[in-house]
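Novice: This one is entry-v3.cif, mmCIF, C-alpha atoms.
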```cif
data_coords
#
loop_
_atom_site.label_atom_id
_atom_site.label_comp_id
_atom_site.auth_asym_id
_atom_site.auth_seq_id
_atom_site.Cartn_x
_atom_site.Cartn_y
_atom_site.Cartn_z
CA MET A 1469 -34.49 11.02 69.83
CA PRO A 1470 -32.62 12.03 66.70
CA LYS A 1471 -32.47 9.44 63.94
CA ILE A 1472 -29.09 7.79 63.84
CA VAL A 1473 -27.63 7.81 60.34
CA ASP A 1474 -24.91 5.38 59.38
CA HIS A 1475 -22.95 7.61 57.03
CA ASP A 1476 -20.58 4.88 55.81
CA GLU A 1477 -23.54 2.65 55.00
CA ARG A 1478 -25.27 5.46 53.10
CA ARG A 1479 -22.15 6.26 51.16
CA ARG A 1480 -21.80 2.60 50.16
CA GLU A 1481 -25.44 2.54 49.06
CA VAL A 1482 -24.91 5.57 46.86
CA LEU A 1483 -21.79 4.01 45.32
CA SER A 1484 -23.58 0.73 44.59
CA ALA A 1485 -26.42 2.70 43.01
CA ALA A 1486 -23.91 4.66 40.88
CA SER A 1487 -22.29 1.44 39.65
CA ARG A 1488 -25.67 -0.06 38.79
CA VAL A 1489 -26.69 3.02 36.78
CA ILE A 1490 -23.36 3.16 34.90
CA VAL A 1491 -23.39 -0.55 34.07
CA ARG A 1492 -27.06 -0.58 33.06
CA ASP A 1493 -27.49 2.77 31.27
CA GLY A 1494 -23.98 3.94 30.46
CA ILE A 1495 -21.82 6.60 32.07
CA ASP A 1496 -23.58 9.42 30.19
CA ALA A 1497 -26.81 8.53 31.96
CA ALA A 1498 -25.19 8.50 35.40
CA THR A 1499 -26.29 11.97 36.47
CA THR A 1500 -26.49 12.83 40.17
CA ARG A 1501 -30.28 12.89 39.75
CA ALA A 1502 -30.36 9.35 38.27
CA ILE A 1503 -28.00 8.04 40.95
CA ALA A 1504 -30.06 9.63 43.75
CA LYS A 1505 -33.24 8.07 42.34
CA GLU A 1506 -31.60 4.63 42.05
CA ALA A 1507 -30.33 4.87 45.64
CA GLY A 1508 -33.70 6.10 46.93
CA TYR A 1509 -32.30 9.38 48.30
CA SER A 1510 -32.94 13.03 47.48
CA ASN A 1511 -30.41 15.05 45.48
CA GLY A 1512 -29.79 16.97 48.72
CA VAL A 1513 -28.68 13.85 50.59
CA LEU A 1514 -26.34 12.98 47.71
CA ALA A 1515 -24.81 16.46 47.78
CA HIS A 1516 -24.05 15.90 51.48
CA TYR A 1517 -21.74 12.99 50.64
CA PHE A 1518 -20.29 13.87 47.23
CA ALA A 1519 -19.31 17.24 45.78
CA ASP A 1520 -20.26 16.43 42.18
CA LYS A 1521 -20.84 13.70 39.61
CA ASP A 1522 -17.12 13.13 39.03
CA GLU A 1523 -16.59 12.52 42.74
CA ILE A 1524 -19.36 9.91 42.76
CA LEU A 1525 -17.89 8.20 39.70
CA LEU A 1526 -14.37 8.24 41.13
CA SER A 1527 -15.58 6.78 44.39
CA ALA A 1528 -17.50 4.08 42.51
CA LEU A 1529 -14.33 3.17 40.60
CA ARG A 1530 -12.22 3.03 43.77
CA HIS A 1531 -14.96 1.00 45.51
CA SER A 1532 -14.94 -1.50 42.62
CA HIS A 1533 -11.13 -1.73 42.74
CA ARG A 1534 -11.21 -2.41 46.49
CA ARG A 1535 -13.62 -5.26 45.87
CA ILE A 1536 -11.37 -6.66 43.12
CA ARG A 1537 -8.30 -6.45 45.37
CA GLY A 1538 -10.17 -8.23 48.17
CA ARG A 1539 -11.23 -11.07 45.87
CA LEU A 1540 -7.77 -11.35 44.35
CA THR A 1541 -6.00 -11.46 47.71
CA GLY A 1542 -8.02 -14.58 48.47
CA LYS A 1543 -7.29 -16.15 45.09
CA VAL A 1544 -3.50 -15.75 45.18
CA ALA A 1545 -3.01 -16.54 48.88
CA GLY A 1546 0.16 -18.63 49.17
CA MET A 1547 1.02 -18.29 45.46
CA THR A 1548 4.06 -16.63 43.93
CA GLY A 1549 5.61 -16.02 40.51
CA LEU A 1550 3.91 -17.35 37.40
CA ALA A 1551 1.07 -19.12 39.22
CA ALA A 1552 0.07 -15.90 40.99
CA LEU A 1553 0.54 -13.89 37.77
CA ARG A 1554 -1.87 -16.17 35.90
CA GLU A 1555 -4.51 -15.71 38.62
CA VAL A 1556 -4.09 -11.91 38.62
CA LEU A 1557 -4.44 -11.65 34.84
CA LEU A 1558 -7.34 -14.10 34.54
CA ASP A 1559 -9.16 -12.32 37.36
CA ASN A 1560 -9.05 -9.14 35.27
CA LEU A 1561 -11.02 -10.73 32.41
CA PRO A 1562 -14.84 -10.42 32.41
CA LEU A 1563 -15.43 -14.18 32.71
CA ASP A 1564 -18.53 -14.00 34.93
CA ALA A 1565 -21.38 -11.59 35.67
CA GLU A 1566 -19.59 -9.79 38.52
CA ARG A 1567 -16.47 -9.18 36.47
CA CYS A 1568 -18.51 -8.13 33.43
CA GLU A 1569 -19.95 -5.33 35.56
CA GLU A 1570 -16.49 -4.36 36.79
CA THR A 1571 -15.16 -4.27 33.23
CA ARG A 1572 -18.10 -2.20 31.96
CA LEU A 1573 -17.36 0.30 34.72
CA GLU A 1574 -13.70 0.29 33.68
CA VAL A 1575 -14.40 0.85 29.96
CA SER A 1576 -16.75 3.72 30.83
CA PHE A 1577 -13.96 5.34 32.80
CA TRP A 1578 -11.39 4.99 30.02
CA SER A 1579 -13.48 7.17 27.79
CA ARG A 1580 -14.28 9.73 30.47
CA SER A 1581 -10.64 9.89 31.63
CA LEU A 1582 -9.64 11.12 28.17
CA ALA A 1583 -11.69 14.27 28.73
CA SER A 1584 -11.02 14.84 32.45
CA GLU A 1585 -7.54 15.25 33.94
CA ARG A 1586 -8.96 14.65 37.43
CA LEU A 1587 -10.36 11.25 36.44
CA ALA A 1588 -7.26 10.47 34.38
CA GLU A 1589 -5.03 10.91 37.45
CA VAL A 1590 -7.01 8.38 39.46
CA GLN A 1591 -7.16 6.02 36.48
CA ARG A 1592 -3.36 6.23 36.14
CA ALA A 1593 -2.76 5.66 39.85
CA GLU A 1594 -5.07 2.63 39.99
CA ALA A 1595 -3.64 1.12 36.79
CA GLY A 1596 -0.14 1.80 38.12
CA GLU A 1597 -0.84 -0.44 41.11
CA LEU A 1598 -1.83 -3.35 38.87
CA ARG A 1599 1.24 -2.78 36.71
CA ALA A 1600 3.51 -2.80 39.78
CA ALA A 1601 1.96 -6.07 40.97
CA VAL A 1602 2.45 -7.69 37.54
CA ARG A 1603 6.06 -6.43 37.35
CA GLU A 1604 6.81 -7.80 40.84
CA LEU A 1605 5.38 -11.24 40.01
CA LEU A 1606 7.41 -11.33 36.78
CA GLU A 1607 10.58 -10.64 38.80
CA GLN A 1608 9.68 -13.43 41.22
CA ALA A 1609 9.09 -15.76 38.27
CA ARG A 1610 12.42 -14.87 36.68
CA ALA A 1611 14.27 -15.28 39.99
CA ALA A 1612 12.66 -18.70 40.39
CA GLY A 1613 13.76 -19.72 36.88
CA GLU A 1614 10.18 -19.95 35.65
CA LEU A 1615 10.68 -17.71 32.58
CA SER A 1616 12.17 -18.78 29.25
CA THR A 1617 12.04 -15.29 27.77
CA ASP A 1618 14.99 -12.90 27.98
CA ASP A 1619 12.72 -9.91 27.20
CA ASP A 1620 12.88 -6.83 29.34
CA LEU A 1621 10.30 -7.29 32.10
CA ASP A 1622 8.84 -3.81 31.52
CA ASP A 1623 8.06 -4.88 27.96
CA VAL A 1624 6.56 -8.15 29.14
CA ALA A 1625 4.38 -6.34 31.70
CA GLU A 1626 3.08 -3.84 29.12
CA ARG A 1627 2.36 -6.62 26.63
CA LEU A 1628 0.40 -8.67 29.17
CA LEU A 1629 -1.56 -5.67 30.44
CA ALA A 1630 -2.40 -4.56 26.91
CA LEU A 1631 -3.60 -8.09 26.14
CA VAL A 1632 -5.79 -8.15 29.28
CA ASP A 1633 -7.47 -4.85 28.42
CA GLY A 1634 -7.86 -5.72 24.73
CA LEU A 1635 -9.36 -9.15 25.42
CA SER A 1636 -11.64 -7.70 28.11
CA LEU A 1637 -12.89 -5.03 25.75
CA HIS A 1638 -13.50 -7.49 22.93
CA LEU A 1639 -15.37 -9.91 25.22
CA LEU A 1640 -17.79 -7.12 26.08
CA LEU A 1641 -18.10 -5.55 22.64
CA TYR A 1642 -17.98 -8.68 20.46
CA PRO A 1643 -19.33 -11.52 22.62
CA ASP A 1644 -20.31 -13.57 19.55
CA ARG A 1645 -16.86 -13.29 18.00
CA MET A 1646 -14.69 -14.51 20.84
CA GLY A 1647 -16.18 -16.47 23.74
CA ARG A 1648 -15.03 -16.56 27.36
CA ASP A 1649 -13.27 -19.90 26.80
CA ALA A 1650 -11.16 -18.45 23.99
CA ALA A 1651 -10.23 -15.35 26.00
CA GLU A 1652 -9.24 -17.48 28.98
CA ARG A 1653 -7.19 -19.81 26.76
CA LEU A 1654 -5.36 -16.91 25.05
CA MET A 1655 -4.53 -15.26 28.37
CA THR A 1656 -3.32 -18.51 29.93
CA GLN A 1657 -1.22 -19.26 26.84
CA ALA A 1658 0.41 -15.81 27.03
CA VAL A 1659 1.58 -16.57 30.58
CA GLU A 1660 2.63 -20.16 29.85
CA ARG A 1661 4.75 -19.07 26.90
CA LEU A 1662 6.81 -16.57 28.87
CA MET B 1183 -31.23 33.51 -7.50
CA PRO B 1184 -31.56 30.85 -4.76
CA LYS B 1185 -28.46 30.13 -2.76
CA ILE B 1186 -26.88 26.88 -3.88
CA VAL B 1187 -26.13 24.62 -0.94
CA ASP B 1188 -23.56 21.85 -1.25
CA HIS B 1189 -25.20 19.27 1.01
CA ASP B 1190 -22.32 16.81 0.93
CA GLU B 1191 -19.90 19.55 1.89
CA ARG B 1192 -22.15 20.65 4.79
CA ARG B 1193 -22.51 17.11 6.01
CA ARG B 1194 -18.73 16.71 5.99
CA GLU B 1195 -18.33 19.97 7.91
CA VAL B 1196 -20.77 18.79 10.56
CA LEU B 1197 -18.93 15.46 10.87
CA SER B 1198 -15.55 17.17 11.21
CA ALA B 1199 -17.05 19.45 13.86
CA ALA B 1200 -18.47 16.43 15.70
CA SER B 1201 -15.06 14.70 15.69
CA ARG B 1202 -13.36 17.85 16.99
CA VAL B 1203 -15.84 18.22 19.87
CA ILE B 1204 -15.58 14.52 20.85
CA VAL B 1205 -11.79 14.52 20.75
CA ARG B 1206 -11.46 17.84 22.60
CA ASP B 1207 -14.26 17.69 25.17
CA GLY B 1208 -15.26 14.04 25.34
CA ILE B 1209 -18.27 12.22 23.95
CA ASP B 1210 -20.54 13.35 26.81
CA ALA B 1211 -20.04 16.94 25.72
CA ALA B 1212 -20.84 16.21 22.07
CA THR B 1213 -24.45 17.36 22.18
CA THR B 1214 -26.18 18.40 18.93
CA ARG B 1215 -26.07 21.97 20.28
CA ALA B 1216 -22.28 21.85 20.85
CA ILE B 1217 -21.68 20.26 17.44
CA ALA B 1218 -23.87 22.87 15.69
CA LYS B 1219 -21.97 25.66 17.45
CA GLU B 1220 -18.59 24.16 16.49
CA ALA B 1221 -19.69 23.79 12.85
CA GLY B 1222 -21.14 27.32 12.76
CA TYR B 1223 -24.69 26.14 11.91
CA SER B 1224 -28.01 26.41 13.71
CA ASN B 1225 -29.55 23.40 15.45
CA GLY B 1226 -32.18 23.47 12.71
CA VAL B 1227 -29.62 22.98 9.93
CA LEU B 1228 -28.13 20.06 11.86
CA ALA B 1229 -31.55 18.44 12.24
CA HIS B 1230 -31.90 18.62 8.46
CA TYR B 1231 -28.90 16.31 7.99
CA PHE B 1232 -28.96 14.04 11.04
CA ALA B 1233 -31.91 12.59 12.99
CA ASP B 1234 -30.23 12.69 16.41
CA LYS B 1235 -26.96 12.75 18.32
CA ASP B 1236 -26.33 9.04 17.83
CA GLU B 1237 -26.63 9.43 14.06
CA ILE B 1238 -24.05 12.24 14.08
CA LEU B 1239 -21.70 10.15 16.21
CA LEU B 1240 -22.15 7.08 14.02
CA SER B 1241 -21.48 9.09 10.89
CA ALA B 1242 -18.38 10.62 12.48
CA LEU B 1243 -17.08 7.13 13.29
CA ARG B 1244 -17.73 5.84 9.77
CA HIS B 1245 -16.14 8.99 8.31
CA SER B 1246 -13.02 8.40 10.43
CA HIS B 1247 -12.89 4.75 9.33
CA ARG B 1248 -13.13 5.74 5.66
CA ARG B 1249 -10.16 8.07 6.17
CA ILE B 1250 -8.20 5.29 7.87
CA ARG B 1251 -8.99 2.83 5.06
CA GLY B 1252 -7.90 5.36 2.46
CA ARG B 1253 -4.59 5.98 4.20
CA LEU B 1254 -4.01 2.28 4.74
CA THR B 1255 -4.73 1.36 1.14
CA GLY B 1256 -1.84 3.64 0.17
CA LYS B 1257 0.49 2.20 2.80
CA VAL B 1258 0.01 -1.48 1.90
CA ALA B 1259 -0.12 -1.06 -1.88
CA GLY B 1260 1.79 -3.98 -3.41
CA MET B 1261 2.36 -5.69 -0.07
CA THR B 1262 1.06 -9.08 1.05
CA GLY B 1263 1.26 -11.42 4.04
CA LEU B 1264 3.32 -10.45 7.06
CA ALA B 1265 4.64 -7.19 5.60
CA ALA B 1266 1.11 -5.94 4.94
CA LEU B 1267 -0.08 -7.22 8.33
CA ARG B 1268 2.64 -5.24 10.12
CA GLU B 1269 1.55 -2.06 8.31
CA VAL B 1270 -2.13 -2.61 9.11
CA LEU B 1271 -1.48 -3.20 12.81
CA LEU B 1272 1.02 -0.35 13.22
CA ASP B 1273 -1.34 2.02 11.41
CA ASN B 1274 -3.94 1.29 14.11
CA LEU B 1275 -1.68 2.57 16.90
CA PRO B 1276 -1.91 6.27 17.88
CA LEU B 1277 1.68 7.07 16.86
CA ASP B 1278 1.03 10.60 15.55
CA ALA B 1279 -1.46 13.43 16.13
CA GLU B 1280 -3.91 12.29 13.44
CA ARG B 1281 -4.07 8.75 14.74
CA CYS B 1282 -4.32 9.97 18.36
CA GLU B 1283 -7.52 11.75 17.36
CA GLU B 1284 -8.82 8.65 15.61
CA THR B 1285 -8.08 6.51 18.65
CA ARG B 1286 -9.74 8.97 21.04
CA LEU B 1287 -12.84 8.79 18.88
CA GLU B 1288 -12.65 5.01 18.96
CA VAL B 1289 -12.28 4.78 22.76
CA SER B 1290 -15.24 7.14 23.19
CA PHE B 1291 -17.33 4.82 21.05
CA TRP B 1292 -16.34 1.70 22.95
CA SER B 1293 -17.89 3.11 26.09
CA ARG B 1294 -21.02 4.39 24.36
CA SER B 1295 -21.50 1.13 22.44
CA LEU B 1296 -21.89 -0.71 25.74
CA ALA B 1297 -25.04 1.28 26.47
CA SER B 1298 -26.51 1.48 22.93
CA GLU B 1299 -27.31 -1.54 20.80
CA ARG B 1300 -27.54 0.68 17.71
CA LEU B 1301 -23.98 1.94 18.17
CA ALA B 1302 -22.79 -1.52 19.18
CA GLU B 1303 -23.99 -2.97 15.87
CA VAL B 1304 -21.97 -0.47 13.84
CA GLN B 1305 -18.97 -0.93 16.12
CA ARG B 1306 -19.15 -4.71 15.58
CA ALA B 1307 -19.49 -4.39 11.81
CA GLU B 1308 -16.56 -1.99 11.50
CA ALA B 1309 -14.35 -4.06 13.82
CA GLY B 1310 -15.37 -7.17 11.88
CA GLU B 1311 -13.91 -5.69 8.71
CA LEU B 1312 -10.53 -5.13 10.34
CA ARG B 1313 -10.62 -8.64 11.78
CA ALA B 1314 -11.38 -10.12 8.34
CA ALA B 1315 -8.45 -8.19 6.83
CA VAL B 1316 -6.07 -9.41 9.54
CA ARG B 1317 -7.31 -12.99 9.16
CA GLU B 1318 -6.83 -12.85 5.37
CA LEU B 1319 -3.27 -11.53 5.69
CA LEU B 1320 -2.44 -14.25 8.21
CA GLU B 1321 -3.63 -16.87 5.72
CA GLN B 1322 -1.48 -15.31 2.99
CA ALA B 1323 1.48 -15.34 5.37
CA ARG B 1324 0.95 -19.00 6.28
CA ALA B 1325 0.53 -19.99 2.62
CA ALA B 1326 3.80 -18.18 1.82
CA GLY B 1327 5.59 -20.03 4.62
CA GLU B 1328 6.16 -16.82 6.59
CA LEU B 1329 4.73 -18.13 9.88
CA SER B 1330 6.54 -20.34 12.41
CA THR B 1331 3.51 -20.71 14.66
CA ASP B 1332 1.08 -23.62 14.33
CA ASP B 1333 -1.58 -21.73 16.29
CA ASP B 1334 -5.10 -21.52 14.98
CA LEU B 1335 -5.29 -18.33 12.88
CA ASP B 1336 -8.50 -17.20 14.60
CA ASP B 1337 -6.60 -17.24 17.90
CA VAL B 1338 -3.68 -15.37 16.36
CA ALA B 1339 -6.01 -12.72 14.91
CA GLU B 1340 -7.81 -12.18 18.24
CA ARG B 1341 -4.50 -11.95 20.08
CA LEU B 1342 -3.08 -9.36 17.67
CA LEU B 1343 -6.27 -7.28 17.67
CA ALA B 1344 -6.48 -7.36 21.47
CA LEU B 1345 -2.86 -6.22 21.64
CA VAL B 1346 -3.52 -3.35 19.21
CA ASP B 1347 -6.49 -2.06 21.19
CA GLY B 1348 -4.75 -2.53 24.54
CA LEU B 1349 -1.57 -0.76 23.44
CA SER B 1350 -3.59 2.03 21.80
CA LEU B 1351 -5.59 2.59 24.96
CA HIS B 1352 -2.51 2.61 27.17
CA LEU B 1353 -0.69 5.07 24.90
CA LEU B 1354 -3.57 7.50 25.34
CA LEU B 1355 -4.27 6.92 29.03
CA TYR B 1356 -0.72 6.42 30.31
CA PRO B 1357 1.57 8.34 27.94
CA ASP B 1358 4.29 8.66 30.58
CA ARG B 1359 4.34 4.93 31.28
CA MET B 1360 4.80 3.58 27.78
CA GLY B 1361 6.05 5.78 24.96
CA ARG B 1362 5.26 5.51 21.26
CA ASP B 1363 8.60 3.81 20.56
CA ALA B 1364 7.82 1.06 23.04
CA ALA B 1365 4.32 0.49 21.65
CA GLU B 1366 5.68 0.33 18.10
CA ARG B 1367 8.42 -2.08 19.16
CA LEU B 1368 6.00 -4.38 21.01
CA MET B 1369 3.59 -4.47 18.07
CA THR B 1370 6.36 -5.15 15.55
CA GLN B 1371 7.77 -7.90 17.76
CA ALA B 1372 4.36 -9.57 18.02
CA VAL B 1373 4.25 -9.83 14.22
CA GLU B 1374 7.89 -10.89 13.80
CA ARG B 1375 7.49 -13.68 16.34
CA LEU B 1376 4.56 -15.32 14.56
#
```
In structure tokens, write the structure found in this file.
Specialist:
Amino acid sequence: MPKIVDHDERRREVLSAASRVIVRDGIDAATTRAIAKEAGYSNGVLAHYFADKDEILLSALRHSHRRIRGRLTGKVAGMTGLAALREVLLDNLPLDAERCEETRLEVSFWSRSLASERLAEVQRAEAGELRAAVRELLEQARAAGELSTDDDLDDVAERLLALVDGLSLHLLLYPDRMGRDAAERLMTQAVERL
Amino acid sequence: MPKIVDHDERRREVLSAASRVIVRDGIDAATTRAIAKEAGYSNGVLAHYFADKDEILLSALRHSHRRIRGRLTGKVAGMTGLAALREVLLDNLPLDAERCEETRLEVSFWSRSLASERLAEVQRAEAGELRAAVRELLEQARAAGELSTDDDLDDVAERLLALVDGLSLHLLLYPDRMGRDAAERLMTQAVERL
């Protein structure tokens, strides 16, 4: 009887292995060989599922984003406007181990996207989704009279998203300079002062 | 007569070559071999000046920071408080070709610092200098009565620096989403509203 292979399960295993290697050793070290070893498969098996290293990395990024969206959907269930916006932005900060790993993956991609148009396109599309969600929640908040600011909502969205990425980066790079409490307080303040 | 070698000049050439390779092809591609080729030297000559790839990259980062400090010193000559702060923060945004290259170098280092404690230490020290400068200018501004905010100045400094890095990153990654004018306006506003 031929061995039955669960291809989806294998693909997920490879993606988890890729994320672990990137987070632990950096994106430079995430060669197909290193990812295959981490996953416990041969290079040949890997080649069956992914065309090249970039495709593995892209899939790992998308996989991470799906997980984030799933978690977030639960967090904001039943919320609208400013309350939902606060949850979305706070969820993007690396305030626990899981989100630290997600953010490390993200920062690794920023750098690699600058040198690869293919990765940059995916990065732009994924970031565009978050921007659209933030913009939509800001409109809800304004319609509900929750905002004091008269600023253009595109400006507000860019400012908040820049703050999220900057704080996230600094939490990872300079953990002794600004703690998680401070980052959470600054992000919450930015929403409350809108 | 023995050939006279200007070692400082050679070292500078290698560092410029390293920066060009990182900015053009990404930090992954900046191998000692690629940097030697770009500089027009053999791998052996490179090994004479730098112990390994990380040392070349670190020197390139420090070299870029020296250039930034030199430029900035000229820009803020005779200025204090908020006026100087605005110049310092705006100078950190990639608003022209030179500063785009500097920021690409910076983003490449963020990612690599996450996987290398040696690079992370330098990254922290260099970022600490900028933070100290921003903190000092905020104190001048408060002492001169230029600030409306009662916020803790450490919080204000972290917020401004997070905004600078976030806006810089987004200008590079999503140039069609937020233009240079918008980034400059948002940064200026953040200072004016203090």
Novice: So how far away is atom CA of Trp1578 of chain A from atom CA of Ala1372 of chain B, in Å?
Specialist: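 Computing the Euclidean distance for atom CA of Ala1372 of chain B and atom CA of Trp1578 of chain A yields 24.6 Å.
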Novice: For this structure, which residues satisfy the selection - the PyMOL selection byres ((chain B and resi 1348) around 7) - when it is evaluated on the file as given? I want them as a list in words.
Specialist: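 So the PyMOL selection byres ((chain B and resi 1348) around 7), applied here, picks out Ala1630, Leu1631, Asp1633 and Gly1634 of chain A; Ala1344, Leu1345, Val1346, Asp1347, Leu1349, Ser1350, Leu1351 and His1352 of chain B.
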Novice: Selection from above, C-alpha atoms, as a short mmCIF file (atom, residue, chain, number, x, y, z; two decimals), in the coordinates of the input, can you write it?
Specialist:
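To be explicit, this is the file written out as again01.cif:
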```cif
data_model
loop_
_atom_site.label_atom_id
_atom_site.label_comp_id
_atom_site.auth_asym_id
_atom_site.auth_seq_id
_atom_site.Cartn_x
_atom_site.Cartn_y
_atom_site.Cartn_z
CA ALA A 1630 -2.40 -4.56 26.91
CA LEU A 1631 -3.60 -8.09 26.14
CA ASP A 1633 -7.47 -4.85 28.42
CA GLY A 1634 -7.86 -5.72 24.73
CA ALA B 1344 -6.48 -7.36 21.47
CA LEU B 1345 -2.86 -6.22 21.64
CA VAL B 1346 -3.52 -3.35 19.21
CA ASP B 1347 -6.49 -2.06 21.19
CA LEU B 1349 -1.57 -0.76 23.44
CA SER B 1350 -3.59 2.03 21.80
CA LEU B 1351 -5.59 2.59 24.96
CA HIS B 1352 -2.51 2.61 27.17
#
```
Novice: Between A:Thr1548, A:Ser1532, A:Ser1581, A:Ser1484, which one has atoms that come closest to chain B, using only C-alpha atoms?
Specialist: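 Smallest separation from chain B among the options: A:Ser1581.
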Novice: What's around Ala1364 of chain B at 10 Å? Count all atoms listed in the file, leave out sequence neighbours fewer than 6 positions away in its own chain, and write the answer as a ChimeraX atom specification.
Specialist: /A:1622-1623,1626 /B:1349,1353,1370
Novice: Just the selected residues (C-alpha atoms), exported as a PDB file, keeping the file's coordinate frame, please.
Specialist:
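Just written: result26.pdb:
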```
ATOM      1  CA  ASP A1622       8.840  -3.810  31.520  1.00  0.00           C
ATOM      2  CA  ASP A1623       8.060  -4.880  27.960  1.00  0.00           C
ATOM      3  CA  GLU A1626       3.080  -3.840  29.120  1.00  0.00           C
TER       4      GLU A1626
ATOM      5  CA  LEU B1349      -1.570  -0.760  23.440  1.00  0.00           C
ATOM      6  CA  LEU B1353      -0.690   5.070  24.900  1.00  0.00           C
ATOM      7  CA  THR B1370       6.360  -5.150  15.550  1.00  0.00           C
TER       8      THR B1370
END
```
Novice: Please build the interface table for chain B against chain A with a cut-off of 7 Å, listing for each qualifying residue the nearest atom pair and the distance in Å to one decimal; count only C-alpha atoms, order rows by chain and increasing number, and write it as JSON lines.
Specialist:
```
{"residue": "B:Asp1207", "atom": "CA", "partner": "A:Ala1583", "partner_atom": "CA", "distance": 5.6}
{"residue": "B:Gly1208", "atom": "CA", "partner": "A:Ala1583", "partner_atom": "CA", "distance": 4.9}
{"residue": "B:Asp1210", "atom": "CA", "partner": "A:Asp1496", "partner_atom": "CA", "distance": 6.0}
{"residue": "B:Val1289", "atom": "CA", "partner": "A:Ser1579", "partner_atom": "CA", "distance": 5.7}
{"residue": "B:Ser1290", "atom": "CA", "partner": "A:Ser1579", "partner_atom": "CA", "distance": 4.9}
{"residue": "B:Ser1293", "atom": "CA", "partner": "A:Ser1576", "partner_atom": "CA", "distance": 4.9}
{"residue": "B:Arg1294", "atom": "CA", "partner": "A:Gly1494", "partner_atom": "CA", "distance": 6.8}
{"residue": "B:Leu1296", "atom": "CA", "partner": "A:Leu1641", "partner_atom": "CA", "distance": 6.9}
{"residue": "B:Ala1297", "atom": "CA", "partner": "A:Gly1494", "partner_atom": "CA", "distance": 4.9}
{"residue": "B:Arg1306", "atom": "CA", "partner": "A:Tyr1642", "partner_atom": "CA", "distance": 6.4}
{"residue": "B:Ala1344", "atom": "CA", "partner": "A:Gly1634", "partner_atom": "CA", "distance": 3.9}
{"residue": "B:Leu1345", "atom": "CA", "partner": "A:Leu1631", "partner_atom": "CA", "distance": 4.9}
{"residue": "B:Asp1347", "atom": "CA", "partner": "A:Gly1634", "partner_atom": "CA", "distance": 5.3}
{"residue": "B:Gly1348", "atom": "CA", "partner": "A:Ala1630", "partner_atom": "CA", "distance": 3.9}
{"residue": "B:Leu1349", "atom": "CA", "partner": "A:Ala1630", "partner_atom": "CA", "distance": 5.2}
{"residue": "B:Leu1355", "atom": "CA", "partner": "A:Leu1582", "partner_atom": "CA", "distance": 6.9}
{"residue": "B:Tyr1356", "atom": "CA", "partner": "A:Arg1592", "partner_atom": "CA", "distance": 6.4}
```
Novice: For the structure shown, which residues end up in the PyMOL selection byres ((chain B and resi 1250-1258) around 12)? Put them as a PDB file with C-alpha atoms, in the coordinates of the input, please?
Specialist:
```pdb
ATOM      1  CA  LEU B1243     -17.080   7.130  13.290  1.00  0.00           C
ATOM      2  CA  ARG B1244     -17.730   5.840   9.770  1.00  0.00           C
ATOM      3  CA  HIS B1245     -16.140   8.990   8.310  1.00  0.00           C
ATOM      4  CA  SER B1246     -13.020   8.400  10.430  1.00  0.00           C
ATOM      5  CA  HIS B1247     -12.890   4.750   9.330  1.00  0.00           C
ATOM      6  CA  ARG B1248     -13.130   5.740   5.660  1.00  0.00           C
ATOM      7  CA  ARG B1249     -10.160   8.070   6.170  1.00  0.00           C
ATOM      8  CA  ALA B1259      -0.120  -1.060  -1.880  1.00  0.00           C
ATOM      9  CA  GLY B1260       1.790  -3.980  -3.410  1.00  0.00           C
ATOM     10  CA  MET B1261       2.360  -5.690  -0.070  1.00  0.00           C
ATOM     11  CA  THR B1262       1.060  -9.080   1.050  1.00  0.00           C
ATOM     12  CA  GLY B1263       1.260 -11.420   4.040  1.00  0.00           C
ATOM     13  CA  LEU B1264       3.320 -10.450   7.060  1.00  0.00           C
ATOM     14  CA  ALA B1265       4.640  -7.190   5.600  1.00  0.00           C
ATOM     15  CA  ALA B1266       1.110  -5.940   4.940  1.00  0.00           C
ATOM     16  CA  LEU B1267      -0.080  -7.220   8.330  1.00  0.00           C
ATOM     17  CA  ARG B1268       2.640  -5.240  10.120  1.00  0.00           C
ATOM     18  CA  GLU B1269       1.550  -2.060   8.310  1.00  0.00           C
ATOM     19  CA  VAL B1270      -2.130  -2.610   9.110  1.00  0.00           C
ATOM     20  CA  LEU B1271      -1.480  -3.200  12.810  1.00  0.00           C
ATOM     21  CA  LEU B1272       1.020  -0.350  13.220  1.00  0.00           C
ATOM     22  CA  ASP B1273      -1.340   2.020  11.410  1.00  0.00           C
ATOM     23  CA  ASN B1274      -3.940   1.290  14.110  1.00  0.00           C
ATOM     24  CA  LEU B1275      -1.680   2.570  16.900  1.00  0.00           C
ATOM     25  CA  PRO B1276      -1.910   6.270  17.880  1.00  0.00           C
ATOM     26  CA  GLU B1280      -3.910  12.290  13.440  1.00  0.00           C
ATOM     27  CA  ARG B1281      -4.070   8.750  14.740  1.00  0.00           C
ATOM     28  CA  GLU B1283      -7.520  11.750  17.360  1.00  0.00           C
ATOM     29  CA  GLU B1284      -8.820   8.650  15.610  1.00  0.00           C
ATOM     30  CA  THR B1285      -8.080   6.510  18.650  1.00  0.00           C
ATOM     31  CA  GLU B1288     -12.650   5.010  18.960  1.00  0.00           C
ATOM     32  CA  GLU B1308     -16.560  -1.990  11.500  1.00  0.00           C
ATOM     33  CA  GLU B1311     -13.910  -5.690   8.710  1.00  0.00           C
ATOM     34  CA  LEU B1312     -10.530  -5.130  10.340  1.00  0.00           C
ATOM     35  CA  ALA B1315      -8.450  -8.190   6.830  1.00  0.00           C
ATOM     36  CA  LEU B1319      -3.270 -11.530   5.690  1.00  0.00           C
TER      37      LEU B1319
END
```
Novice: From (7.6, -13.5, 13.7), in the file's coordinates, out to 9 Å: which residues are reached, counting only C-alpha atoms? Answer as an MDAnalysis selection string.
Specialist: chainID B and resid 1264 1328:1331 1370:1376
